[in-house]
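As provided, run-v4.txt (compact mmCIF, C-alpha atoms) reads as follows.
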# COMPACT_ATOMS: atom_id res chain seq x y z
CA MET A 1 190.20 204.45 260.34
CA GLU A 2 193.77 205.55 260.80
CA LEU A 3 192.69 207.57 263.78
CA ARG A 4 191.03 204.46 265.27
CA LEU A 5 194.17 202.41 264.73
CA ALA A 6 196.25 205.11 266.30
CA ARG A 7 193.92 205.19 269.29
CA LEU A 8 194.07 201.40 269.54
CA ALA A 9 197.87 201.44 269.37
CA PHE A 10 198.00 204.17 272.00
CA THR A 11 195.62 202.21 274.22
CA LEU A 12 197.70 199.02 273.85
CA MET A 13 200.81 200.99 274.66
CA LEU A 14 199.18 202.33 277.81
CA ILE A 15 198.06 198.82 278.79
CA GLY A 16 201.55 197.51 278.14
CA GLY A 17 203.05 200.30 280.13
CA THR A 18 200.67 199.65 282.98
CA THR A 19 201.49 195.95 282.93
CA MET A 20 205.19 196.67 282.98
CA ALA A 21 204.75 199.06 285.85
CA GLN A 22 202.81 196.40 287.78
CA THR A 23 205.54 193.81 287.31
CA SER A 24 208.45 196.08 288.20
CA GLY A 25 208.11 195.61 291.97
CA PRO A 26 210.70 193.93 294.17
CA LEU A 27 212.04 190.53 293.21
CA THR A 28 210.27 188.22 295.64
CA LEU A 29 212.17 185.14 296.72
CA THR A 30 210.91 182.26 298.85
CA TRP A 31 213.06 179.82 300.75
CA GLN A 32 213.62 176.17 299.90
CA TRP A 33 216.18 173.61 300.98
CA GLY A 34 218.52 172.44 298.24
CA GLY A 35 218.81 173.24 294.57
CA VAL A 36 221.18 174.97 292.18
CA ALA A 37 221.93 178.67 292.56
CA ALA A 38 221.43 180.10 289.08
CA HIS A 39 221.68 183.68 290.40
CA ARG A 40 223.37 185.60 293.18
CA ALA A 41 222.91 189.09 294.55
CA ILE A 42 223.99 191.24 297.45
CA ILE A 43 221.48 193.59 299.02
CA THR A 44 221.90 196.34 301.54
CA VAL A 45 219.44 195.28 304.21
CA GLU A 46 216.71 197.81 304.83
CA THR A 47 214.34 195.79 306.98
CA VAL A 48 214.14 192.46 308.75
CA LYS A 49 210.58 191.78 309.82
CA LYS A 50 208.65 188.97 311.40
CA GLU A 51 205.87 187.92 309.05
CA GLY A 52 202.25 187.96 310.18
CA GLY A 53 200.18 184.81 309.81
CA GLY A 54 197.38 186.30 307.74
CA PHE A 55 193.69 186.07 308.63
CA LEU A 56 193.31 183.97 311.80
CA GLY A 57 196.91 182.85 311.32
CA ILE A 58 195.84 180.32 308.70
CA ASN A 59 198.77 181.14 306.41
CA GLN A 60 200.96 179.86 309.20
CA SER A 61 199.24 176.49 309.47
CA PRO A 62 201.89 173.82 308.84
CA SER A 63 199.42 172.05 306.52
CA ILE A 64 199.63 174.92 304.02
CA ALA A 65 202.36 174.42 301.43
CA GLY A 66 203.86 177.88 301.88
CA TYR A 67 204.38 177.45 305.62
CA LEU A 68 207.79 178.31 307.00
CA PRO A 69 208.64 178.13 310.70
CA ASP A 70 208.76 181.60 312.26
CA PRO A 71 209.20 183.37 308.89
CA ARG A 72 211.17 186.56 308.45
CA ILE A 73 211.04 189.04 305.57
CA VAL A 74 214.42 190.48 304.64
CA SER A 75 214.35 193.26 302.07
CA GLY A 76 216.60 195.87 300.59
CA PRO A 77 218.05 197.34 297.39
CA VAL A 78 220.45 195.33 295.28
CA LEU A 79 224.07 196.48 295.50
CA ALA A 80 225.57 193.91 293.13
CA GLY A 81 224.72 190.70 291.33
CA ASP A 82 222.18 189.28 288.90
CA ALA A 83 219.22 191.40 289.96
CA ALA A 84 218.36 195.08 289.95
CA GLY A 85 215.98 197.12 292.07
CA GLU A 86 214.91 195.56 295.33
CA ILE A 87 214.80 192.02 296.69
CA ARG A 88 212.27 190.77 299.22
CA LEU A 89 213.20 187.42 300.74
CA ARG A 90 210.94 185.24 302.90
CA MET A 91 212.80 182.67 304.96
CA PRO A 92 212.66 180.82 308.29
CA ALA A 93 214.24 182.59 311.24
CA TYR A 94 216.37 179.63 312.19
CA GLU A 95 218.17 179.70 308.82
CA LEU A 96 218.77 183.47 308.94
CA PRO A 97 222.24 184.59 310.10
CA PRO A 98 222.38 187.63 312.39
CA VAL A 99 221.65 190.58 310.10
CA ASN A 100 220.58 194.16 310.73
CA PRO A 101 219.53 197.16 308.65
CA GLY A 102 222.56 198.53 306.81
CA ASP A 103 224.33 195.17 306.62
CA LEU A 104 225.28 193.63 303.29
CA PHE A 105 223.54 190.32 302.71
CA ALA A 106 224.25 187.77 299.97
CA ILE A 107 221.52 185.59 298.50
CA GLY A 108 221.79 182.68 296.07
CA TYR A 109 218.61 181.66 294.27
CA THR A 110 217.36 179.25 291.66
CA ALA A 111 216.06 180.00 288.17
CA ASP A 112 212.51 179.92 289.59
CA ASP A 113 213.26 182.39 292.36
CA MET A 114 213.72 180.04 295.28
CA ALA A 115 216.42 181.22 297.66
CA ILE A 116 218.69 178.38 298.73
CA CYS A 117 221.65 180.02 300.45
CA VAL A 118 222.39 183.24 302.29
CA ALA A 119 225.35 184.79 304.05
CA ALA A 120 226.36 188.02 305.68
CA ALA A 121 228.76 189.83 303.33
CA PRO A 122 231.69 191.92 304.60
CA ALA A 123 230.75 195.45 305.60
CA GLY A 124 231.84 198.48 303.64
CA LEU A 125 232.03 196.96 300.16
CA ASP A 126 231.22 199.22 297.24
CA ALA A 127 229.37 197.82 294.22
CA ALA A 128 232.52 196.67 292.42
CA ALA A 129 234.01 195.04 295.51
CA ALA A 130 230.65 193.45 296.30
CA ALA A 131 230.52 191.96 292.81
CA SER A 132 234.00 190.49 293.25
CA TRP A 133 233.13 189.08 296.65
CA LEU A 134 229.92 187.61 295.24
CA ALA A 135 231.78 185.90 292.40
CA ALA A 136 234.01 184.14 294.90
CA TRP A 137 231.24 183.35 297.38
CA LYS A 138 230.55 179.65 297.82
CA CYS A 139 226.79 179.36 297.97
CA SER A 140 226.19 176.31 300.14
CA PRO A 141 222.56 175.20 299.97
CA LYS A 142 221.10 174.10 303.29
CA ASP A 143 220.68 170.55 302.13
CA MET B 144 218.88 161.39 326.25
CA ALA B 145 220.69 159.44 323.52
CA ASP B 146 219.55 159.55 319.93
CA VAL B 147 217.86 156.37 318.76
CA ILE B 148 218.01 154.84 315.27
CA MET B 149 215.47 152.14 314.64
CA PRO B 150 214.21 150.22 311.64
CA MET B 151 210.51 150.39 310.86
CA ARG B 152 208.80 147.20 311.93
CA LYS B 153 207.15 145.50 308.99
CA ASP B 154 203.97 145.04 310.97
CA SER B 155 203.55 148.71 311.74
CA ILE B 156 202.52 151.99 310.17
CA ALA B 157 202.39 155.36 311.91
CA LEU B 158 200.73 158.72 312.31
CA VAL B 159 203.05 161.70 312.94
CA VAL B 160 201.39 164.64 314.67
CA ARG B 161 203.64 167.63 314.06
CA GLY B 162 203.65 170.14 316.89
CA LYS B 163 202.39 167.62 319.48
CA LYS B 164 205.12 167.59 322.12
CA SER B 165 203.95 164.64 324.20
CA PRO B 166 201.20 162.04 324.08
CA SER B 167 199.08 164.23 326.35
CA ASP B 168 199.91 167.55 324.66
CA GLU B 169 197.01 169.20 322.86
CA PRO B 170 198.48 171.79 320.48
CA SER B 171 196.24 174.49 319.05
CA VAL B 172 194.48 173.54 315.83
CA LEU B 173 196.70 175.69 313.62
CA ASP B 174 199.91 174.40 315.21
CA GLN B 175 199.28 170.79 314.16
CA HIS B 176 199.91 168.84 311.00
CA ALA B 177 199.49 165.13 310.23
CA ASP B 178 201.96 163.05 308.26
CA CYS B 179 202.10 159.28 308.04
CA ILE B 180 204.77 156.59 307.82
CA LEU B 181 204.40 153.56 305.60
CA ASP B 182 205.59 150.11 306.64
CA ASP B 183 208.98 150.63 304.99
CA GLY B 184 209.54 153.83 306.96
CA SER B 185 208.63 156.22 304.13
CA PRO B 186 207.20 159.51 305.39
CA LEU B 187 204.48 161.32 303.48
CA GLY B 188 201.56 163.65 304.04
CA PHE B 189 198.78 165.70 302.53
CA TYR B 190 199.16 169.48 302.13
CA GLY B 191 197.22 172.39 300.64
CA THR B 192 198.69 174.55 297.93
CA GLY B 193 197.35 177.81 296.49
CA ASN B 194 195.57 177.93 293.13
CA ASN B 195 194.36 181.55 293.09
CA ASN B 196 190.81 180.53 294.00
CA SER B 197 188.95 182.91 296.26
CA GLY B 198 189.21 181.58 299.79
CA ASN B 199 192.83 180.48 299.51
CA GLY B 200 193.78 183.16 302.03
CA ILE B 201 191.74 181.36 304.68
CA GLY B 202 192.74 177.85 303.66
CA LEU B 203 189.74 177.06 301.46
CA ARG B 204 189.34 175.76 297.89
CA MET B 205 193.02 174.95 297.60
CA ASP B 206 194.62 172.13 295.64
CA GLY B 207 195.68 169.10 297.63
CA VAL B 208 199.09 167.57 297.16
CA VAL B 209 200.83 164.54 298.66
CA TRP B 210 204.44 165.20 299.56
CA ASP B 211 206.79 162.27 300.02
CA TYR B 212 210.37 162.21 301.31
CA SER B 213 211.94 163.64 298.15
CA ILE B 214 209.63 166.67 298.15
CA LEU B 215 209.73 167.13 301.90
CA ARG B 216 213.53 167.39 301.63
CA THR B 217 213.12 170.71 299.82
CA THR B 218 209.88 172.03 301.33
CA ARG B 219 210.01 170.78 304.95
CA ILE B 220 213.49 169.53 305.61
CA PHE B 221 212.86 169.83 309.35
CA TYR B 222 210.15 167.13 309.03
CA VAL B 223 212.47 164.51 307.52
CA ASP B 224 216.06 165.43 308.44
CA PHE B 225 216.95 164.85 312.07
CA ASP B 226 219.55 167.62 312.46
CA SER B 227 217.19 170.11 310.81
CA ALA B 228 214.38 169.07 313.15
CA VAL B 229 216.63 169.83 316.11
CA ALA B 230 217.76 173.16 314.61
CA ALA B 231 214.19 174.22 313.85
CA GLY B 232 212.79 172.97 317.15
CA ALA B 233 210.37 170.75 315.23
CA ILE B 234 208.91 168.34 317.76
CA SER B 235 206.41 165.65 316.82
CA THR B 236 204.60 162.79 318.45
CA THR B 237 204.65 159.66 316.33
CA LEU B 238 202.10 156.96 317.01
CA PHE B 239 203.16 153.55 315.72
CA VAL B 240 200.23 151.26 314.99
CA THR B 241 200.57 147.49 314.77
CA VAL B 242 198.78 146.17 311.68
CA THR B 243 198.60 143.06 309.52
CA THR B 244 200.58 142.75 306.30
CA ALA B 245 197.37 143.22 304.32
CA GLN B 246 196.51 146.38 306.25
CA ALA B 247 200.00 147.80 305.72
CA ARG B 248 199.64 147.14 301.97
CA ALA B 249 196.20 148.72 301.84
CA PHE B 250 197.49 151.75 303.75
CA ARG B 251 200.27 152.20 301.20
CA SER B 252 197.84 151.68 298.32
CA SER B 253 195.52 154.35 299.68
CA TRP B 254 198.37 156.87 299.89
CA MET B 255 199.58 156.01 296.38
CA THR B 256 196.07 156.64 295.05
CA MET B 257 195.95 159.98 296.88
CA GLN B 258 199.36 160.87 295.52
CA SER B 259 198.26 160.38 291.93
CA SER B 260 194.89 162.04 292.47
CA PRO B 261 195.03 164.22 295.57
CA GLY B 262 191.90 166.30 294.94
CA SER B 263 191.18 169.44 296.89
CA PHE B 264 192.27 170.81 300.26
CA ASN B 265 190.17 172.77 302.73
CA ILE B 266 191.51 173.63 306.15
CA ILE B 267 188.18 172.57 307.66
CA GLY B 268 186.97 169.04 306.95
CA ASP B 269 189.24 168.25 304.01
CA ASN B 270 192.72 168.65 305.41
CA CYS B 271 195.82 166.65 306.26
CA SER B 272 194.10 164.67 309.01
CA THR B 273 191.04 163.95 306.84
CA HIS B 274 193.26 162.30 304.26
CA ALA B 275 195.39 160.47 306.83
CA SER B 276 192.13 159.23 308.34
CA LYS B 277 190.99 158.01 304.92
CA ALA B 278 194.16 155.94 304.57
CA PHE B 279 193.62 154.35 308.01
CA MET B 280 190.00 153.58 307.03
CA ASP B 281 190.95 152.22 303.60
CA ALA B 282 193.38 149.93 305.39
CA GLY B 283 190.65 148.70 307.70
CA VAL B 284 192.53 150.00 310.72
CA LEU B 285 189.79 152.44 311.72
CA PRO B 286 186.06 151.80 311.34
CA GLY B 287 185.02 155.40 310.73
CA GLY B 288 185.99 159.03 310.41
CA ILE B 289 187.51 161.27 313.04
CA PRO B 290 185.13 162.05 315.91
CA GLY B 291 184.57 165.81 316.10
CA LEU B 292 186.68 168.25 314.16
CA ASP B 293 189.14 166.74 311.67
CA THR B 294 192.44 167.48 313.39
CA PRO B 295 195.65 165.47 313.63
CA ASP B 296 195.29 165.27 317.41
CA ASN B 297 191.70 164.00 317.22
CA LEU B 298 192.87 161.31 314.78
CA TYR B 299 195.66 160.43 317.21
CA LYS B 300 193.17 160.10 320.06
CA GLN B 301 190.85 158.00 317.91
CA LEU B 302 193.65 155.57 317.06
CA VAL B 303 194.68 155.24 320.70
CA ALA B 304 191.07 154.72 321.85
CA THR B 305 190.16 152.30 319.05
CA LEU B 306 193.27 150.14 319.13
CA PRO B 307 194.17 149.38 322.76
CA GLY B 308 197.49 147.58 323.03
CA LYS B 309 198.30 148.15 319.38
CA THR B 310 199.76 151.66 319.51
CA MET B 311 203.05 153.04 320.77
CA PRO B 312 203.88 156.76 320.91
CA ILE B 313 207.24 158.47 320.81
CA SER B 314 207.66 162.22 321.19
CA GLY B 315 210.63 164.25 320.09
CA TYR B 316 212.75 165.23 317.13
CA ILE B 317 212.38 162.79 314.25
CA GLY B 318 214.25 162.18 311.01
CA PHE B 319 214.31 159.57 308.27
CA LEU B 320 217.46 157.83 307.05
CA PRO B 321 217.25 156.41 303.51
CA GLN B 322 218.44 152.81 303.32
CA PRO B 323 220.44 151.32 300.43
CA GLY B 324 217.84 148.65 299.75
CA GLY B 325 214.95 151.10 299.90
CA GLY B 326 212.86 152.34 302.77
CA PHE B 327 214.00 154.34 305.77
CA LYS B 328 215.23 153.93 309.29
CA ILE B 329 213.90 156.36 311.84
CA LYS B 330 216.12 158.51 314.01
CA TYR B 331 214.69 160.31 316.98
CA ARG B 332 215.60 162.07 320.16
CA ALA B 333 213.07 161.95 322.91
CA TYR B 334 211.69 165.24 324.16
CA THR B 335 210.16 165.69 327.55
CA MET B 336 207.85 168.59 328.12
CA ALA B 337 208.65 170.60 331.19
CA PRO B 338 205.80 170.17 333.64
CA SER B 339 203.56 173.17 334.07
CA VAL B 340 204.34 174.76 337.39
CA ALA B 341 201.64 176.73 339.09
CA VAL B 342 203.34 179.67 340.71
CA THR B 343 201.56 180.93 343.74
CA ALA B 344 202.86 183.81 345.78
CA ASP B 345 203.87 182.90 349.27
CA ARG B 346 201.89 185.31 351.37
CA SER B 347 202.67 183.71 354.72
CA SER B 348 205.02 186.48 355.73
CA TRP B 349 202.74 189.28 354.56
CA SER B 350 201.37 191.35 357.32
Is it possible to express this structure as structure tokens?
Amino acid sequence: MELRLARLAFTLMLIGGTTMAQTSGPLTLTWQWGGVAAHRAIITVETVKKEGGGFLGINQSPSIAGYLPDPRIVSGPVLAGDAAGEIRLRMPAYELPPVNPGDLFAIGYTADDMAICVAAAPAGLDAAAAASWLAAWKCSPKD
Amino acid sequence: MADVIMPMRKDSIALVVRGKKSPSDEPSVLDQHADCILDDGSPLGFYGTGNNNSGNGIGLRMDGVVWDYSILRTTRIFYVDFDSAVAAGAISTTLFVTVTTAQARAFRSSWMTMQSSPGSFNIIGDNCSTHASKAFMDAGVLPGGIPGLDTPDNLYKQLVATLPGKTMPISGYIGFLPQPGGGFKIKYRAYTMAPSVAVTADRSSWS
């Protein structure tokens, strides 16, 4: 009996570990206009990509709720702020300031992971300086 | 061309075909979307949102939702805010339809019913234009469904063909200005499509 319980506990631990591993991917943010920035972060941009439209381009039909005009995916590791790991942001090209791989990029986002403001951060900041800059940054939602 | 601000006429409602750049433009099926305007100038439309059903990735078995001005401000600001429409290059053709007071009321009532109970969304046959069409039928403005495929542009053509002398199109950037007493004024900037120019090489000097 004890052996069975131990096996069960071990199995649950493995399941838990697996679940945790599955949820430890990048923080995925989607764009919206307006809201309150509950969190802020600065990433070092790794990639800026044009998003594909999915099968037959249907994901890019304007009748689908998730549609954004000419969407871009900006991703990179967090340098400072309220997140850790990596952030992956989906936003419309026309709201995206000029940004290239290696640039520092500030993002403000709501409690439910909707990005509402972005800005290019000054180049060359280390983590501590980035945190200071972020604290003073005025996140102005596009509303 | 100067920007125009106009009140919504009480005897009119409208269909807004997003992505249609002129009355004669025929955008591809996946570049169109249909919204409507009530008689007080309120914009609203029917959209599909994911629910993890199989088929969502191709626009099937989704949940329907009616978005009004307050939701469109956060999800599609370029559909309701004039400056954002210009910045995003969001051009629409709006077809104003002259109706009776009773038809305008019935049109609003149909949309309010859809808003409280939107049902499902399928990109084919149960989409934004299907639901806009239903509102026009519930209002007694149209006698039947959209001929052919349910698309915003086919609904537009049906309205123009069915209601001679009772429709007026404008094409361009459009926004909605909330009014203190309720309702909205409409701001737009006309857009003129550049004519297609057939370029043919001049071979007269070729030997």
- Near segment 113-117 of chain A, within 10 Å and counting all atoms listed in the file, which residues show up once chain neighbours fewer than 2 positions away are dropped, as a count of residues only? 33
Excluding segment 280-294 of chain B and its own-chain neighbours fewer than 2 positions away, which residues fall within 7 Å of it when counting all atoms listed in the file? Please give them as a PDB file with C-alpha atoms, in the coordinates of the input.
ATOM      1  CA  VAL B 172     194.480 173.540 315.830  1.00  0.00           C
ATOM      2  CA  GLN B 246     196.510 146.380 306.250  1.00  0.00           C
ATOM      3  CA  ALA B 247     200.000 147.800 305.720  1.00  0.00           C
ATOM      4  CA  ALA B 249     196.200 148.720 301.840  1.00  0.00           C
ATOM      5  CA  PHE B 250     197.490 151.750 303.750  1.00  0.00           C
ATOM      6  CA  SER B 253     195.520 154.350 299.680  1.00  0.00           C
ATOM      7  CA  GLY B 268     186.970 169.040 306.950  1.00  0.00           C
ATOM      8  CA  SER B 272     194.100 164.670 309.010  1.00  0.00           C
ATOM      9  CA  THR B 273     191.040 163.950 306.840  1.00  0.00           C
ATOM     10  CA  SER B 276     192.130 159.230 308.340  1.00  0.00           C
ATOM     11  CA  LYS B 277     190.990 158.010 304.920  1.00  0.00           C
ATOM     12  CA  ALA B 278     194.160 155.940 304.570  1.00  0.00           C
ATOM     13  CA  ASP B 296     195.290 165.270 317.410  1.00  0.00           C
ATOM     14  CA  ASN B 297     191.700 164.000 317.220  1.00  0.00           C
ATOM     15  CA  LEU B 298     192.870 161.310 314.780  1.00  0.00           C
ATOM     16  CA  GLN B 301     190.850 158.000 317.910  1.00  0.00           C
TER      17      GLN B 301
END
Can you tell me which residues surround segment 309-321 of chain B at a distance of at most 8 Å, considering all atoms listed in the file, apart from same-chain residues fewer than 3 positions away, and format the answer as a tab-separated table (two decimals) with C-alpha atoms, keeping the file's coordinate frame?
chain	number	residue	atom	x	y	z
B	163	LYS	CA	202.39	167.62	319.48
B	164	LYS	CA	205.12	167.59	322.12
B	165	SER	CA	203.95	164.64	324.20
B	166	PRO	CA	201.20	162.04	324.08
B	184	GLY	CA	209.54	153.83	306.96
B	185	SER	CA	208.63	156.22	304.13
B	186	PRO	CA	207.20	159.51	305.39
B	221	PHE	CA	212.86	169.83	309.35
B	222	TYR	CA	210.15	167.13	309.03
B	223	VAL	CA	212.47	164.51	307.52
B	224	ASP	CA	216.06	165.43	308.44
B	225	PHE	CA	216.95	164.85	312.07
B	226	ASP	CA	219.55	167.62	312.46
B	228	ALA	CA	214.38	169.07	313.15
B	229	VAL	CA	216.63	169.83	316.11
B	232	GLY	CA	212.79	172.97	317.15
B	233	ALA	CA	210.37	170.75	315.23
B	234	ILE	CA	208.91	168.34	317.76
B	235	SER	CA	206.41	165.65	316.82
B	236	THR	CA	204.60	162.79	318.45
B	237	THR	CA	204.65	159.66	316.33
B	238	LEU	CA	202.10	156.96	317.01
B	239	PHE	CA	203.16	153.55	315.72
B	240	VAL	CA	200.23	151.26	314.99
B	241	THR	CA	200.57	147.49	314.77
B	242	VAL	CA	198.78	146.17	311.68
B	302	LEU	CA	193.65	155.57	317.06
B	303	VAL	CA	194.68	155.24	320.70
B	306	LEU	CA	193.27	150.14	319.13
B	325	GLY	CA	214.95	151.10	299.90
B	326	GLY	CA	212.86	152.34	302.77
B	327	PHE	CA	214.00	154.34	305.77
B	328	LYS	CA	215.23	153.93	309.29
B	329	ILE	CA	213.90	156.36	311.84
B	330	LYS	CA	216.12	158.51	314.01
B	331	TYR	CA	214.69	160.31	316.98
B	332	ARG	CA	215.60	162.07	320.16
B	333	ALA	CA	213.07	161.95	322.91
B	334	TYR	CA	211.69	165.24	324.16
B	335	THR	CA	210.16	165.69	327.55
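Shortest separation to Arg219 of chain B among A:Pro62, A:Gly81, A:Gly102, A:Pro71 occurs at residue A:Pro62, atoms counted being only C-alpha atoms.
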Min atom-atom distance to Ser61 of chain A from the set B:Gly162, B:Pro150, B:Gly198, B:Gly188, counting all atoms listed in the file, belongs to B:Gly162
